[in-house]
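J.: Provided herewith is a single structure, encoded as structure tokens, for subsequent inquiry.
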Amino acid sequence: MKADESVDLMREFVDLYDREEMLAFFEFRLERVGGDEVDGLCRISQPKDGRSNLYYLSVGFVVDTPDEATRAFVDQALEKLDGDALRSAVPSVVEVLPVTAMPTGPESYVRQADILFDDASAADPDALLAELVPALARVTGIRPREVVRWGGA
């Protein structure tokens, strides 16, 4: 890229979502010491048919963060996705790739990661979700509520 060319991160983000379709979502809670709870939403999407040679799921977390302490707490919990813990928890995970952070206001926190799976995983997304969501909970400490499949599937 030439020095005078800039990258439009928002355009890159929109283009990424244009290549994906929502598979499921769930609300979750994350409990802090002292009993305070933080609520959030997790969106799970997959590549649209024929748009990728690899099978991956994109997990995006959005959390209300009213102050810097809450933001740091959520970041500490969700940064655990970037390590080996998820690969250890789900044998079909090949790699976890963090996505560039999107700028947000101080009241919200957004984190996304793409999780690459072995080829056999694409055959049964329901089984994969049934294994992945509890693993996300164990690794990060979130407490997922009901997983809602998008499109009634």
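Note on naming: chains are A, B, ... as they come in the structure tokens, residues start from 1 per chain, ligands start from 1 in the order shown.
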Can you pull out the residues contacting Ala120 in chain A? Cut-off 10 Å, using only C-alpha atoms, and skip same-chain residues under 4 positions away; I want them as a list in words.
T.: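 These residues fall inside the cut-off: Tyr55, Ser92 and Asp124 of chain A.
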J.: Would you list the contacts of Glu131 in chain A as an NGL selection string, taking every protein, DNA or RNA residue within 10 Å and counting only C-alpha atoms, but skipping same-chain residues closer than 6 positions in sequence?
T.: :A and (89-92 or 125)
J.: Selection from above, N, CA and C atoms, as an mmCIF file, in the first residue's frame, can you write it?
T.:
data_model
loop_
_atom_site.group_PDB
_atom_site.id
_atom_site.type_symbol
_atom_site.label_atom_id
_atom_site.label_comp_id
_atom_site.auth_asym_id
_atom_site.auth_seq_id
_atom_site.Cartn_x
_atom_site.Cartn_y
_atom_site.Cartn_z
ATOM 1 N N ALA A 89 -10.245 -26.410 24.349
ATOM 2 C CA ALA A 89 -11.614 -26.740 24.761
ATOM 3 C C ALA A 89 -12.438 -27.354 23.643
ATOM 4 N N VAL A 90 -12.134 -27.008 22.390
ATOM 5 C CA VAL A 90 -12.891 -27.513 21.243
ATOM 6 C C VAL A 90 -11.893 -28.119 20.255
ATOM 7 N N PRO A 91 -11.836 -29.444 20.180
ATOM 8 C CA PRO A 91 -10.821 -30.097 19.341
ATOM 9 C C PRO A 91 -10.852 -29.716 17.865
ATOM 10 N N SER A 92 -12.003 -29.314 17.344
ATOM 11 C CA SER A 92 -12.092 -28.982 15.924
ATOM 12 C C SER A 92 -11.597 -27.565 15.601
ATOM 13 N N PRO A 125 -23.433 -27.441 11.697
ATOM 14 C CA PRO A 125 -23.324 -26.223 12.507
ATOM 15 C C PRO A 125 -24.035 -26.320 13.851
#
J.: Find, counting only C-alpha atoms, the residue in A:Leu41, A:Pro47, A:Glu107, A:Gly35 that gets nearest to Met22 in chain A.
T.: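 Of A:Leu41, A:Pro47, A:Glu107, A:Gly35, the one nearest Met22 in chain A is A:Pro47, counting only C-alpha atoms.
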J.: Name all residues at most 12 Å from Pro134 in chain A (count only C-alpha atoms; drop same-chain ones fewer than 6 positions away) and give them as a JSON list (two decimals) with N, CA and C atoms, in the first residue's frame.
T.:
[["chain", "number", "residue", "atom", "x", "y", "z"],
["A", 26, "PHE", "N", -26.77, -14.85, 21.29],
["A", 26, "PHE", "CA", -27.24, -15.07, 22.66],
["A", 26, "PHE", "C", -26.84, -13.88, 23.52],
["A", 28, "PHE", "N", -25.65, -12.62, 27.30],
["A", 28, "PHE", "CA", -24.84, -13.25, 28.35],
["A", 28, "PHE", "C", -24.63, -12.28, 29.49],
["A", 86, "LEU", "N", -9.24, -21.85, 23.90],
["A", 86, "LEU", "CA", -10.38, -22.28, 23.08],
["A", 86, "LEU", "C", -9.99, -23.46, 22.20],
["A", 89, "ALA", "N", -10.25, -26.41, 24.35],
["A", 89, "ALA", "CA", -11.61, -26.74, 24.76],
["A", 89, "ALA", "C", -12.44, -27.35, 23.64],
["A", 90, "VAL", "N", -12.13, -27.01, 22.39],
["A", 90, "VAL", "CA", -12.89, -27.51, 21.24],
["A", 90, "VAL", "C", -11.89, -28.12, 20.26],
["A", 127, "ALA", "N", -24.32, -28.98, 15.87],
["A", 127, "ALA", "CA", -23.43, -29.68, 16.79],
["A", 127, "ALA", "C", -22.26, -28.78, 17.18],
["A", 128, "LEU", "N", -21.77, -28.03, 16.23],
["A", 128, "LEU", "CA", -20.65, -27.13, 16.50],
["A", 128, "LEU", "C", -21.06, -26.05, 17.51],
["A", 140, "THR", "N", -14.02, -17.85, 28.95],
["A", 140, "THR", "CA", -14.12, -16.42, 29.26],
["A", 140, "THR", "C", -14.80, -16.11, 30.59],
["A", 141, "GLY", "N", -15.61, -17.04, 31.09],
["A", 141, "GLY", "CA", -16.36, -16.79, 32.31],
["A", 141, "GLY", "C", -17.73, -16.19, 32.07],
["A", 142, "ILE", "N", -18.14, -16.03, 30.81],
["A", 142, "ILE", "CA", -19.48, -15.51, 30.55],
["A", 142, "ILE", "C", -20.52, -16.57, 30.90],
["A", 143, "ARG", "N", -21.73, -16.12, 31.19],
["A", 143, "ARG", "CA", -22.86, -17.03, 31.42],
["A", 143, "ARG", "C", -23.89, -16.79, 30.32],
["A", 144, "PRO", "N", -23.85, -17.64, 29.28],
["A", 144, "PRO", "CA", -24.78, -17.45, 28.16],
["A", 144, "PRO", "C", -26.22, -17.76, 28.57],
["A", 145, "ARG", "N", -27.12, -17.01, 27.99],
["A", 145, "ARG", "CA", -28.54, -17.34, 28.11],
["A", 145, "ARG", "C", -28.90, -18.19, 26.89],
["A", 146, "GLU", "N", -30.14, -18.30, 26.58],
["A", 146, "GLU", "CA", -30.59, -19.14, 25.48],
["A", 146, "GLU", "C", -29.95, -18.73, 24.14],
["A", 147, "VAL", "N", -29.42, -19.73, 23.45],
["A", 147, "VAL", "CA", -28.86, -19.50, 22.12],
["A", 147, "VAL", "C", -30.02, -19.51, 21.13]]
J.: Tell me which of A:Leu54, A:Ala137, A:Ile115, A:Leu129 sits closest to Ala24 in chain A, counting only C-alpha atoms.
T.: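 Of A:Leu54, A:Ala137, A:Ile115, A:Leu129, the one nearest Ala24 in chain A is A:Leu129, counting only C-alpha atoms.
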J.: Between A:Asp119, A:Phe73, A:Ser108, A:Glu95, which one has atoms that come closest to Val33 in chain A, using only C-alpha atoms?
T.: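 Among A:Asp119, A:Phe73, A:Ser108, A:Glu95, it is A:Phe73 that comes nearest to Val33 in chain A.
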J.: Find the residue from A:Ala113, A:Glu27, A:Leu57, A:Leu136 that sits nearest to Val148 in chain A; use only C-alpha atoms when measuring.
T.: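 Ranked by minimum distance to Val148 in chain A, first place goes to A:Glu27.
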J.: Using only C-alpha atoms, can you tell me which of A:Glu31, A:Asp114, A:Glu68, A:Arg138 comes closest to Ser88 in chain A?
T.: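 Under the stated criterion, the closest residue is A:Arg138.
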J.: Excluding same-chain residues fewer than 4 positions from Thr65 in chain A, what lies within 8 Å of it counting only C-alpha atoms, as a ChimeraX atom specification?
T.: /A:38,70-71,106-109
